[in-house]
file data_11.csv (CSV, C-alpha atoms and all ligand atoms)
chain,number,residue,atom,x,y,z
A,834,MET,CA,0.0,0.0,0.0
A,835,ALA,CA,1.4,3.4,-1.0
A,836,GLU,CA,2.3,5.5,2.0
A,837,GLU,CA,-0.1,8.4,2.2
A,838,GLN,CA,0.5,11.6,4.3
A,839,ILE,CA,-2.4,12.0,6.7
A,840,LYS,CA,-3.4,15.6,6.9
A,841,GLN,CA,-5.4,17.4,9.6
A,842,SER,CA,-8.8,18.6,8.6
A,843,PRO,CA,-8.9,22.3,7.7
A,844,GLY,CA,-8.3,24.6,10.6
A,845,VAL,CA,-11.3,26.9,10.5
A,846,TYR,CA,-13.9,27.6,13.2
A,847,ARG,CA,-16.7,30.1,13.4
A,848,ARG,CA,-18.4,31.9,16.2
A,849,LYS,CA,-21.0,34.7,16.4
A,850,VAL,CA,-20.1,37.7,18.5
A,851,GLY,CA,-23.4,39.7,18.6
A,852,ASP,CA,-24.3,40.4,15.0
A,853,ALA,CA,-20.7,39.9,13.8
A,854,LEU,CA,-19.3,36.6,12.6
A,855,VAL,CA,-15.7,35.7,13.6
A,856,THR,CA,-13.8,32.9,11.8
A,857,VAL,CA,-10.6,31.5,13.3
A,858,VAL,CA,-8.2,30.6,10.5
A,859,ASN,CA,-5.3,28.4,11.4
A,860,ASP,CA,-1.9,29.1,9.7
A,861,GLY,CA,0.0,26.2,11.2
A,862,PHE,CA,2.2,25.9,14.3
A,863,LEU,CA,5.5,26.9,15.8
A,864,ASP,CA,7.8,24.9,18.0
A,865,MET,CA,8.9,27.1,20.9
A,866,PRO,CA,11.8,25.8,22.9
A,867,LEU,CA,11.6,26.1,26.7
A,868,ALA,CA,15.2,27.4,26.6
A,869,ILE,CA,13.9,30.8,25.4
A,870,MET,CA,11.4,31.2,28.2
A,871,ARG,CA,12.4,33.1,31.3
A,872,GLY,CA,11.0,33.7,34.7
A,873,ALA,CA,10.5,30.1,35.9
A,874,THR,CA,12.9,27.2,36.1
A,875,ARG,CA,13.0,24.5,33.4
A,876,ASP,CA,11.7,22.0,36.0
A,877,GLU,CA,8.7,24.3,36.8
A,878,MET,CA,7.8,24.8,33.2
A,879,GLU,CA,8.1,21.1,32.4
A,880,GLN,CA,5.8,20.3,35.3
A,881,LEU,CA,3.2,22.8,34.0
A,882,LEU,CA,3.3,21.0,30.6
A,883,ARG,CA,3.0,17.6,32.3
A,884,ASP,CA,0.1,18.8,34.3
A,885,VAL,CA,-1.9,19.3,31.1
A,886,PHE,CA,-0.5,16.2,29.4
A,887,GLY,CA,1.5,18.5,27.0
A,888,PRO,CA,4.6,17.7,25.1
A,889,PRO,CA,8.0,18.2,26.8
A,890,GLU,CA,8.6,21.2,24.5
A,891,PRO,CA,5.7,23.5,23.6
A,892,ARG,CA,4.2,23.4,20.2
A,893,ILE,CA,2.1,26.5,19.7
A,894,THR,CA,-0.7,27.2,17.3
A,895,VAL,CA,-0.6,30.1,14.9
A,896,ASN,CA,-4.1,31.6,14.2
A,897,ALA,CA,-5.5,34.6,12.4
A,898,PHE,CA,-9.1,35.8,12.5
A,899,VAL,CA,-11.6,37.1,10.0
A,900,ILE,CA,-14.3,39.5,11.5
A,901,GLU,CA,-17.4,40.1,9.3
A,902,THR,CA,-19.2,43.1,10.8
A,903,GLY,CA,-21.7,43.5,7.9
A,904,LYS,CA,-19.9,46.7,6.9
A,905,HIS,CA,-16.3,45.4,6.8
A,906,THR,CA,-14.5,42.1,6.3
A,907,VAL,CA,-11.5,42.4,8.5
A,908,LEU,CA,-8.5,40.1,8.9
A,909,VAL,CA,-6.7,40.3,12.3
A,910,ASP,CA,-3.1,39.1,11.7
A,911,ALA,CA,-2.1,37.0,8.7
A,912,GLY,CA,0.1,34.2,9.9
A,913,GLY,CA,3.7,33.5,8.8
A,914,GLY,CA,3.2,33.0,5.0
A,915,SER,CA,5.6,31.1,2.9
A,916,THR,CA,8.6,33.2,3.7
A,917,THR,CA,9.2,32.1,7.2
A,918,VAL,CA,9.2,28.5,8.4
A,919,TYR,CA,7.9,25.2,7.2
A,920,SER,CA,5.2,24.8,9.8
A,921,MET,CA,3.2,27.9,8.8
A,922,GLY,CA,1.6,29.2,5.6
A,923,LEU,CA,-1.8,27.4,5.7
A,924,LEU,CA,-3.7,30.7,5.8
A,925,PRO,CA,-4.5,31.1,2.1
A,926,ASP,CA,-5.8,27.5,1.8
A,927,ASN,CA,-7.8,27.8,5.0
A,928,LEU,CA,-9.3,31.2,4.0
A,929,ALA,CA,-10.4,29.6,0.8
A,930,VAL,CA,-12.0,26.7,2.7
A,931,ALA,CA,-13.9,29.3,4.8
A,932,GLY,CA,-15.1,30.9,1.6
A,933,PHE,CA,-13.0,34.0,1.6
A,934,LYS,CA,-11.1,35.4,-1.4
A,935,PRO,CA,-8.1,37.7,-0.8
A,936,GLU,CA,-10.0,40.6,-2.4
A,937,ASP,CA,-12.8,40.2,0.1
A,938,ILE,CA,-10.6,41.6,2.9
A,939,ASP,CA,-10.9,45.3,3.1
A,940,ALA,CA,-8.8,45.9,6.3
A,941,VAL,CA,-6.1,44.1,8.1
A,942,LEU,CA,-5.6,44.8,11.8
A,943,LEU,CA,-2.1,43.8,13.0
A,944,THR,CA,-1.5,43.0,16.6
A,945,HIS,CA,2.3,43.5,15.9
A,946,ILE,CA,4.9,43.1,13.3
A,947,HIS,CA,6.4,39.7,14.0
A,948,PRO,CA,6.6,37.3,11.0
A,949,ASP,CA,4.2,34.8,12.5
A,950,HIS,CA,1.5,37.5,12.4
A,951,SER,CA,2.4,39.7,9.4
A,952,SER,CA,4.5,37.8,6.8
A,953,GLY,CA,1.4,36.1,5.5
A,954,LEU,CA,0.4,39.5,4.0
A,955,VAL,CA,3.1,39.0,1.4
A,956,ASP,CA,2.7,36.2,-1.2
A,957,LYS,CA,5.4,33.9,-2.6
A,958,ASN,CA,6.3,36.4,-5.3
A,959,GLY,CA,6.8,39.2,-2.9
A,960,ASP,CA,3.5,40.9,-3.8
A,961,ALA,CA,0.6,42.0,-1.6
A,962,MET,CA,-1.6,39.0,-0.7
A,963,PHE,CA,-4.6,41.2,-0.1
A,964,PRO,CA,-5.0,43.6,-3.0
A,965,ARG,CA,-7.7,45.9,-1.4
A,966,ALA,CA,-6.7,45.9,2.2
A,967,GLU,CA,-5.5,48.9,4.3
A,968,VAL,CA,-3.2,47.7,7.1
A,969,PHE,CA,-3.9,49.1,10.5
A,970,VAL,CA,-1.1,49.0,13.1
A,971,HIS,CA,-0.3,51.0,16.2
A,972,GLY,CA,1.9,54.0,15.5
A,973,ASP,CA,4.5,52.9,18.0
A,974,GLU,CA,4.8,49.5,16.2
A,975,PHE,CA,5.1,51.1,12.7
A,976,ASP,CA,7.7,53.6,13.9
A,977,PHE,CA,9.8,51.0,15.8
A,978,TRP,CA,10.2,48.7,12.9
A,979,SER,CA,10.7,51.6,10.5
A,980,ASP,CA,13.5,53.1,12.5
A,981,PRO,CA,16.9,53.0,10.7
A,982,ALA,CA,18.7,53.0,14.0
A,983,LEU,CA,17.4,49.5,14.7
A,984,ARG,CA,19.7,48.2,11.9
A,985,ASP,CA,22.8,48.7,14.1
A,986,GLY,CA,21.9,45.6,16.2
A,987,SER,CA,21.2,47.6,19.3
A,988,VAL,CA,18.0,45.7,20.0
A,989,PRO,CA,19.0,42.0,19.7
A,990,ALA,CA,15.4,40.8,20.2
A,991,ALA,CA,14.4,42.7,17.0
A,992,THR,CA,17.3,41.7,14.8
A,993,PRO,CA,16.0,38.4,13.4
A,994,TYR,CA,12.8,40.0,12.3
A,995,LEU,CA,14.1,43.1,10.5
A,996,GLU,CA,14.2,41.4,7.1
A,997,PRO,CA,10.5,40.3,7.1
A,998,ALA,CA,9.5,43.6,8.6
A,999,ASP,CA,11.2,45.5,5.8
A,1000,MET,CA,9.5,43.3,3.2
A,1001,LEU,CA,6.1,44.0,4.8
A,1002,LEU,CA,6.7,47.7,5.0
A,1003,SER,CA,7.9,48.0,1.4
A,1004,THR,CA,5.2,45.7,0.0
A,1005,TYR,CA,2.3,47.7,1.6
A,1006,LYS,CA,4.0,51.1,1.4
A,1007,GLY,CA,1.3,53.8,1.4
A,1008,ARG,CA,-1.4,51.4,2.6
A,1009,PHE,CA,-0.6,51.6,6.3
A,1010,ARG,CA,-2.9,53.4,8.8
A,1011,LYS,CA,-1.0,54.3,11.9
A,1012,THR,CA,-3.3,54.1,14.9
A,1013,ASP,CA,-3.2,55.2,18.5
A,1014,GLY,CA,-5.7,53.0,20.3
A,1015,GLY,CA,-9.5,53.6,20.5
A,1016,GLU,CA,-12.0,52.7,17.8
A,1017,VAL,CA,-10.3,51.9,14.6
A,1018,LEU,CA,-13.3,50.5,12.7
A,1019,PRO,CA,-17.0,50.6,13.7
A,1020,GLY,CA,-17.3,48.3,16.7
A,1021,ILE,CA,-13.6,47.4,16.9
A,1022,THR,CA,-11.3,49.1,19.5
A,1023,GLN,CA,-7.6,48.8,19.6
A,1024,LEU,CA,-6.0,48.3,23.0
A,1025,HIS,CA,-2.4,49.1,23.3
A,1026,MET,CA,-0.6,46.3,25.3
A,1027,PRO,CA,3.1,47.2,24.9
A,1028,GLY,CA,6.0,45.0,25.9
A,1029,HIS,CA,6.2,42.0,23.6
A,1030,THR,CA,6.8,44.8,21.0
A,1031,PRO,CA,6.4,48.5,21.5
A,1032,GLY,CA,3.1,48.8,19.7
A,1033,HIS,CA,1.8,45.4,20.5
A,1034,SER,CA,-2.0,45.7,20.6
A,1035,GLY,CA,-5.2,43.7,21.1
A,1036,TYR,CA,-8.5,44.3,19.5
A,1037,GLN,CA,-11.9,44.3,21.2
A,1038,LEU,CA,-15.0,43.6,19.1
A,1039,ASP,CA,-18.3,44.9,20.5
A,1040,SER,CA,-21.5,43.9,18.7
A,1041,ALA,CA,-25.1,43.9,20.0
A,1042,GLY,CA,-24.0,43.7,23.6
A,1043,ASP,CA,-21.5,40.9,23.0
A,1044,LYS,CA,-17.7,41.3,23.3
A,1045,LEU,CA,-14.6,39.5,22.2
A,1046,LEU,CA,-11.1,40.4,23.1
A,1047,ILE,CA,-8.4,39.3,20.6
A,1048,TRP,CA,-5.3,39.7,22.8
A,1049,GLY,CA,-2.5,39.2,20.3
A,1050,ASP,CA,0.6,37.7,21.9
A,1051,THR,CA,-0.4,38.1,25.5
A,1052,VAL,CA,0.6,34.5,25.8
A,1053,HIS,CA,2.9,32.4,23.6
A,1054,VAL,CA,2.6,29.2,25.7
A,1055,PRO,CA,-0.8,29.3,27.4
A,1056,GLU,CA,0.0,26.2,29.5
A,1057,ILE,CA,2.8,28.1,31.2
A,1058,GLN,CA,2.0,31.8,31.0
A,1059,ILE,CA,-1.6,31.6,32.2
A,1060,PRO,CA,-0.8,29.9,35.5
A,1061,VAL,CA,2.5,31.9,35.8
A,1062,PRO,CA,2.0,35.3,34.1
A,1063,GLY,CA,5.5,36.4,35.0
A,1064,VAL,CA,7.1,34.0,32.5
A,1065,THR,CA,8.4,36.0,29.5
A,1066,SER,CA,10.4,35.0,26.4
A,1067,GLU,CA,13.4,36.2,24.6
A,1068,PHE,CA,11.1,37.4,21.8
A,1069,ASP,CA,9.8,40.2,24.1
A,1070,ILE,CA,11.4,43.5,23.3
A,1071,SER,CA,10.7,44.5,26.9
A,1072,GLU,CA,10.2,41.5,29.1
A,1073,PRO,CA,9.1,43.5,32.3
A,1074,GLN,CA,6.6,45.5,30.3
A,1075,ALA,CA,5.3,42.4,28.5
A,1076,ALA,CA,4.7,40.7,31.9
A,1077,ASP,CA,3.0,43.8,33.2
A,1078,SER,CA,0.7,44.1,30.2
A,1079,ARG,CA,-0.1,40.4,30.5
A,1080,ARG,CA,-1.2,40.8,34.2
A,1081,LYS,CA,-3.3,43.8,33.3
A,1082,ILE,CA,-5.1,42.0,30.5
A,1083,PHE,CA,-5.7,38.9,32.5
A,1084,ALA,CA,-7.2,41.0,35.4
A,1085,HIS,CA,-9.4,42.8,32.9
A,1086,ALA,CA,-10.6,39.7,31.1
A,1087,ALA,CA,-11.3,37.9,34.3
A,1088,ALA,CA,-13.1,40.8,36.0
A,1089,GLU,CA,-15.2,41.5,32.9
A,1090,ARG,CA,-15.7,37.8,32.1
A,1091,VAL,CA,-15.0,38.6,28.5
A,1092,VAL,CA,-14.4,35.9,25.9
A,1093,ILE,CA,-10.8,36.0,24.8
A,1094,THR,CA,-8.8,34.6,21.9
A,1095,GLY,CA,-5.3,35.1,20.5
A,1096,GLY,CA,-2.9,34.0,17.9
A,1097,HIS,CA,-1.4,31.3,20.1
A,1098,VAL,CA,-4.6,30.1,21.9
A,1099,HIS,CA,-5.2,26.5,20.8
A,1100,MET,CA,-8.1,25.8,18.4
A,1101,PRO,CA,-10.9,26.4,18.4
A,1102,GLY,CA,-9.4,29.3,20.3
A,1103,PHE,CA,-12.2,30.9,22.3
A,1104,ALA,CA,-11.9,30.8,26.1
A,1105,HIS,CA,-12.6,32.5,29.4
A,1106,ILE,CA,-9.9,33.2,32.0
A,1107,VAL,CA,-10.4,33.0,35.7
A,1108,PRO,CA,-8.1,33.6,38.7
A,1109,HIS,CA,-6.5,30.5,40.0
A,1110,GLY,CA,-3.9,30.3,42.8
A,1111,GLU,CA,-1.2,32.8,42.1
A,1112,GLY,CA,-2.1,33.0,38.5
A,1113,TYR,CA,-5.0,32.2,36.2
A,1114,ARG,CA,-6.7,29.3,34.5
A,1115,LEU,CA,-8.0,29.1,31.0
A,1116,ILE,CA,-11.5,27.6,30.4
A,1117,PRO,CA,-11.8,26.9,26.7
A,1118,GLU,CA,-15.2,27.0,25.0
A,1119,THR,CA,-16.3,23.7,23.6
A,1120,TRP,CA,-16.8,23.3,19.8
A,1121,ALA,CA,-20.2,24.6,18.9
A,1122,VAL,CA,-22.1,22.6,16.3
A,1123,ALA,CA,-24.6,25.3,15.5
A,1124,ILE,CA,-23.6,28.9,15.1
B,1201,ZN,ZN,3.4,35.4,17.8
call {"tool": "encode", "arguments": {"input": "data_11.csv", "output": "C-alpha cells"}}
result
Amino acid sequence: MAEEQIKQSPGVYRRKVGDALVTVVNDGFLDMPLAIMRGATRDEMEQLLRDVFGPPEPRITVNAFVIETGKHTVLVDAGGGSTTVYSMGLLPDNLAVAGFKPEDIDAVLLTHIHPDHSSGLVDKNGDAMFPRAEVFVHGDEFDFWSDPALRDGSVPAATPYLEPADMLLSTYKGRFRKTDGGEVLPGITQLHMPGHTPGHSGYQLDSAGDKLLIWGDTVHVPEIQIPVPGVTSEFDISEPQAADSRRKIFAHAAAERVVITGGHVHMPGFAHIVPHGEGYRLIPETWAVAI
C-alpha cells in the first residue's frame, strides 16, 4: 500500500459575537523551545506542561481571524506565510475553505509586526496577498520597525525580524494606517498592550452587547504563562513591560468575564480566563455545532 500523508482537517472555526461573525483561521504551528522562556525554572515549566499532558517542548498554534461586521471584512493578523518556516503558511488555503477570497478583505488589523503575524500579508512572489486591504497597526509599532537606528543591532530581540518587517513595510507602502488606540473601525477598538513589542495591541470587538477580546501575543505558551503570568520570552522587546501588560489584560478579562482569543490560543481558540492560585486558569469554550 502506498504511503499516504495523513493531513489534519482544515483549521477553520466560526463563532458569532453579537451580529458579527468571527472565523478563526489556522496558519500552522511553531515549536517554541523552553530554553527561550524566562521567569521560571525549566523544571517548573516542564511540570506545568506535564500537568496538562502537553509535550515536553511547547508546540504553539498560529491563528489569524476574520471578522465580518456587515460593513467590513477584517483580517486580524495574517500568519507566517511562505517566507518564514515550514510549519506555517496554511492561511491562504484555510481562508479559501472558509469561503474568503483575498479581495474580500478590506482591512487588516495587525497586533504587531512579527513574522508569524504579518509575513502572511506577502505572497510567494513578494506581492501583496490582499489587494484591497488597508493595514492598521499601532503607530509605536510602525515607527519602531521603520527606525533605521534599529539596523545597528542595538535591540537584539528585534534583529532576526528586521528582514521580514522590511519586506512587509515596502510591499504595503502607502497602505498603512498608523493608529493610537481607540475605535479603529466601527465596533472594533484597539487596546495598546506594549512590551512584547512597543506597539503590540489587542482588538476588542463589540457587537449587539457581546464582546470578544483578541489579545495578540499576550501568551505564547498558554500552558505556562496563564498559571504563571511572570514568564516571559526572549522574543519580548521589553520583558518586564510584557509581563506587566499580561497581568493587566488577565485581570481585565477575568473581571469583565470577557471571551478571549489570541494568535497562540489553541483551536478552536475561544476561552474565558479565571483567577486560580497565584495566576489564572483558561477555560476553553467547547466546539459549537450550531452557530
Ligand atoms: Zn506570535
call {"tool": "residues_around", "arguments": {"input": "data_11.csv", "residues": "A:Leu863", "least_positions_apart": "2", "cutoff": "7 Å", "atoms": "only C-alpha atoms", "output": "PyMOL selection string"}}
result
chain A and resi 865+892-895+920
call {"tool": "residues_near_ligand", "arguments": {"input": "data_11.csv", "ligand": "ligand ZN 1201 (chain B)", "cutoff": "12 Å", "atoms": "all atoms listed in the file", "output": "number ranges by chain"}}
result
A: 860-865, 893-897, 910-913, 921, 943-952, 994, 1029-1030, 1033-1034, 1048-1054, 1066, 1068-1069, 1095-1098
call {"tool": "closest_residue", "arguments": {"input": "data_11.csv", "among": "A:Val941, A:Met1000, A:Ala931, A:Ala1087", "to": "A:Asp956", "atoms": "only C-alpha atoms"}}
result
A:Met1000
call {"tool": "closest_residue", "arguments": {"input": "data_11.csv", "among": "A:Val955, A:Leu1024, A:Ala1084, A:Ala982", "to": "A:Ile1059", "atoms": "all atoms listed in the file"}}
result
A:Ala1084
call {"tool": "residues_around", "arguments": {"input": "data_11.csv", "residues": "A:Pro1062", "least_positions_apart": "2", "cutoff": "10 Å", "atoms": "all atoms listed in the file", "output": "list in words"}}
result
Gly872, Thr1051, Val1052, Pro1055, Ile1057, Gln1058, Ile1059, Pro1060, Val1064, Thr1065, Ala1075, Ala1076, Asp1077, Ser1078, Arg1079, Arg1080, Phe1083, Glu1111, Gly1112 and Tyr1113 of chain A
call {"tool": "closest_residue", "arguments": {"input": "data_11.csv", "among": "A:Val1091, A:Val855, A:Ala873, A:Leu1002", "to": "A:Lys1044", "atoms": "all atoms listed in the file"}}
result
A:Val1091
call {"tool": "decode", "arguments": {"input": "data_11.csv", "residues": "stretch 931-965 of chain A", "atoms": "N, CA and C atoms", "output": "JSON list (two decimals), in the first residue's frame"}}
result
[["chain", "number", "residue", "atom", "x", "y", "z"],
["A", 931, "ALA", "N", -12.82, 28.51, 4.06],
["A", 931, "ALA", "CA", -13.85, 29.27, 4.79],
["A", 931, "ALA", "C", -14.68, 30.15, 3.86],
["A", 932, "GLY", "N", -14.32, 30.17, 2.57],
["A", 932, "GLY", "CA", -15.13, 30.91, 1.60],
["A", 932, "GLY", "C", -14.66, 32.34, 1.35],
["A", 933, "PHE", "N", -13.46, 32.68, 1.80],
["A", 933, "PHE", "CA", -12.96, 34.05, 1.59],
["A", 933, "PHE", "C", -11.96, 34.10, 0.44],
["A", 934, "LYS", "N", -12.08, 35.13, -0.38],
["A", 934, "LYS", "CA", -11.08, 35.41, -1.41],
["A", 934, "LYS", "C", -10.22, 36.57, -0.90],
["A", 935, "PRO", "N", -8.96, 36.63, -1.32],
["A", 935, "PRO", "CA", -8.10, 37.72, -0.84],
["A", 935, "PRO", "C", -8.72, 39.11, -1.04],
["A", 936, "GLU", "N", -9.44, 39.29, -2.15],
["A", 936, "GLU", "CA", -10.02, 40.62, -2.43],
["A", 936, "GLU", "C", -11.23, 40.95, -1.55],
["A", 937, "ASP", "N", -11.73, 39.95, -0.80],
["A", 937, "ASP", "CA", -12.84, 40.22, 0.13],
["A", 937, "ASP", "C", -12.36, 41.05, 1.34],
["A", 938, "ILE", "N", -11.09, 40.92, 1.65],
["A", 938, "ILE", "CA", -10.56, 41.55, 2.88],
["A", 938, "ILE", "C", -10.34, 43.04, 2.62],
["A", 939, "ASP", "N", -11.06, 43.91, 3.36],
["A", 939, "ASP", "CA", -10.85, 45.34, 3.11],
["A", 939, "ASP", "C", -9.98, 46.01, 4.17],
["A", 940, "ALA", "N", -9.75, 45.33, 5.28],
["A", 940, "ALA", "CA", -8.84, 45.89, 6.29],
["A", 940, "ALA", "C", -8.10, 44.76, 6.98],
["A", 941, "VAL", "N", -6.84, 45.01, 7.28],
["A", 941, "VAL", "CA", -6.06, 44.09, 8.10],
["A", 941, "VAL", "C", -5.68, 44.84, 9.37],
["A", 942, "LEU", "N", -5.97, 44.23, 10.51],
["A", 942, "LEU", "CA", -5.56, 44.81, 11.80],
["A", 942, "LEU", "C", -4.41, 43.96, 12.33],
["A", 943, "LEU", "N", -3.25, 44.56, 12.47],
["A", 943, "LEU", "CA", -2.10, 43.81, 12.99],
["A", 943, "LEU", "C", -1.98, 44.01, 14.49],
["A", 944, "THR", "N", -1.74, 42.89, 15.20],
["A", 944, "THR", "CA", -1.45, 43.01, 16.63],
["A", 944, "THR", "C", -0.02, 43.49, 16.83],
["A", 945, "HIS", "N", 0.88, 43.08, 15.93],
["A", 945, "HIS", "CA", 2.26, 43.54, 15.95],
["A", 945, "HIS", "C", 2.97, 43.02, 14.70],
["A", 946, "ILE", "N", 4.18, 43.50, 14.48],
["A", 946, "ILE", "CA", 4.91, 43.14, 13.25],
["A", 946, "ILE", "C", 5.98, 42.10, 13.57],
["A", 947, "HIS", "N", 5.53, 40.89, 13.89],
["A", 947, "HIS", "CA", 6.42, 39.74, 13.96],
["A", 947, "HIS", "C", 6.01, 38.82, 12.81],
["A", 948, "PRO", "N", 6.96, 38.04, 12.25],
["A", 948, "PRO", "CA", 6.63, 37.30, 11.02],
["A", 948, "PRO", "C", 5.48, 36.30, 11.16],
["A", 949, "ASP", "N", 5.27, 35.73, 12.36],
["A", 949, "ASP", "CA", 4.17, 34.76, 12.48],
["A", 949, "ASP", "C", 2.80, 35.44, 12.48],
["A", 950, "HIS", "N", 2.78, 36.77, 12.44],
["A", 950, "HIS", "CA", 1.52, 37.52, 12.41],
["A", 950, "HIS", "C", 1.38, 38.36, 11.15],
["A", 951, "SER", "N", 2.48, 38.68, 10.51],
["A", 951, "SER", "CA", 2.41, 39.67, 9.43],
["A", 951, "SER", "C", 3.04, 39.22, 8.11],
["A", 952, "SER", "N", 3.89, 38.20, 8.12],
["A", 952, "SER", "CA", 4.52, 37.81, 6.85],
["A", 952, "SER", "C", 3.53, 37.19, 5.88],
["A", 953, "GLY", "N", 2.41, 36.68, 6.39],
["A", 953, "GLY", "CA", 1.36, 36.15, 5.52],
["A", 953, "GLY", "C", 0.69, 37.20, 4.66],
["A", 954, "LEU", "N", 1.00, 38.47, 4.90],
["A", 954, "LEU", "CA", 0.44, 39.53, 4.04],
["A", 954, "LEU", "C", 1.15, 39.60, 2.69],
["A", 955, "VAL", "N", 2.32, 38.95, 2.63],
["A", 955, "VAL", "CA", 3.13, 39.00, 1.40],
["A", 955, "VAL", "C", 3.09, 37.60, 0.77],
["A", 956, "ASP", "N", 2.82, 37.54, -0.53],
["A", 956, "ASP", "CA", 2.72, 36.21, -1.16],
["A", 956, "ASP", "C", 4.10, 35.70, -1.59],
["A", 957, "LYS", "N", 4.12, 34.53, -2.22],
["A", 957, "LYS", "CA", 5.38, 33.88, -2.58],
["A", 957, "LYS", "C", 6.23, 34.72, -3.52],
["A", 958, "ASN", "N", 5.55, 35.54, -4.34],
["A", 958, "ASN", "CA", 6.29, 36.36, -5.30],
["A", 958, "ASN", "C", 6.72, 37.72, -4.73],
["A", 959, "GLY", "N", 6.41, 37.93, -3.45],
["A", 959, "GLY", "CA", 6.76, 39.22, -2.85],
["A", 959, "GLY", "C", 5.73, 40.30, -3.13],
["A", 960, "ASP", "N", 4.53, 39.89, -3.57],
["A", 960, "ASP", "CA", 3.45, 40.87, -3.82],
["A", 960, "ASP", "C", 2.45, 40.85, -2.66],
["A", 961, "ALA", "N", 1.61, 41.86, -2.65],
["A", 961, "ALA", "CA", 0.59, 41.95, -1.60],
["A", 961, "ALA", "C", -0.43, 40.82, -1.77],
["A", 962, "MET", "N", -0.65, 40.05, -0.71],
["A", 962, "MET", "CA", -1.61, 38.95, -0.74],
["A", 962, "MET", "C", -3.04, 39.49, -0.80],
["A", 963, "PHE", "N", -3.27, 40.66, -0.18],
["A", 963, "PHE", "CA", -4.62, 41.21, -0.07],
["A", 963, "PHE", "C", -4.68, 42.53, -0.84],
["A", 964, "PRO", "N", -5.19, 42.47, -2.08],
["A", 964, "PRO", "CA", -5.03, 43.61, -2.99],
["A", 964, "PRO", "C", -5.78, 44.88, -2.57],
["A", 965, "ARG", "N", -6.85, 44.73, -1.75],
["A", 965, "ARG", "CA", -7.66, 45.91, -1.43],
["A", 965, "ARG", "C", -7.43, 46.42, -0.01]]
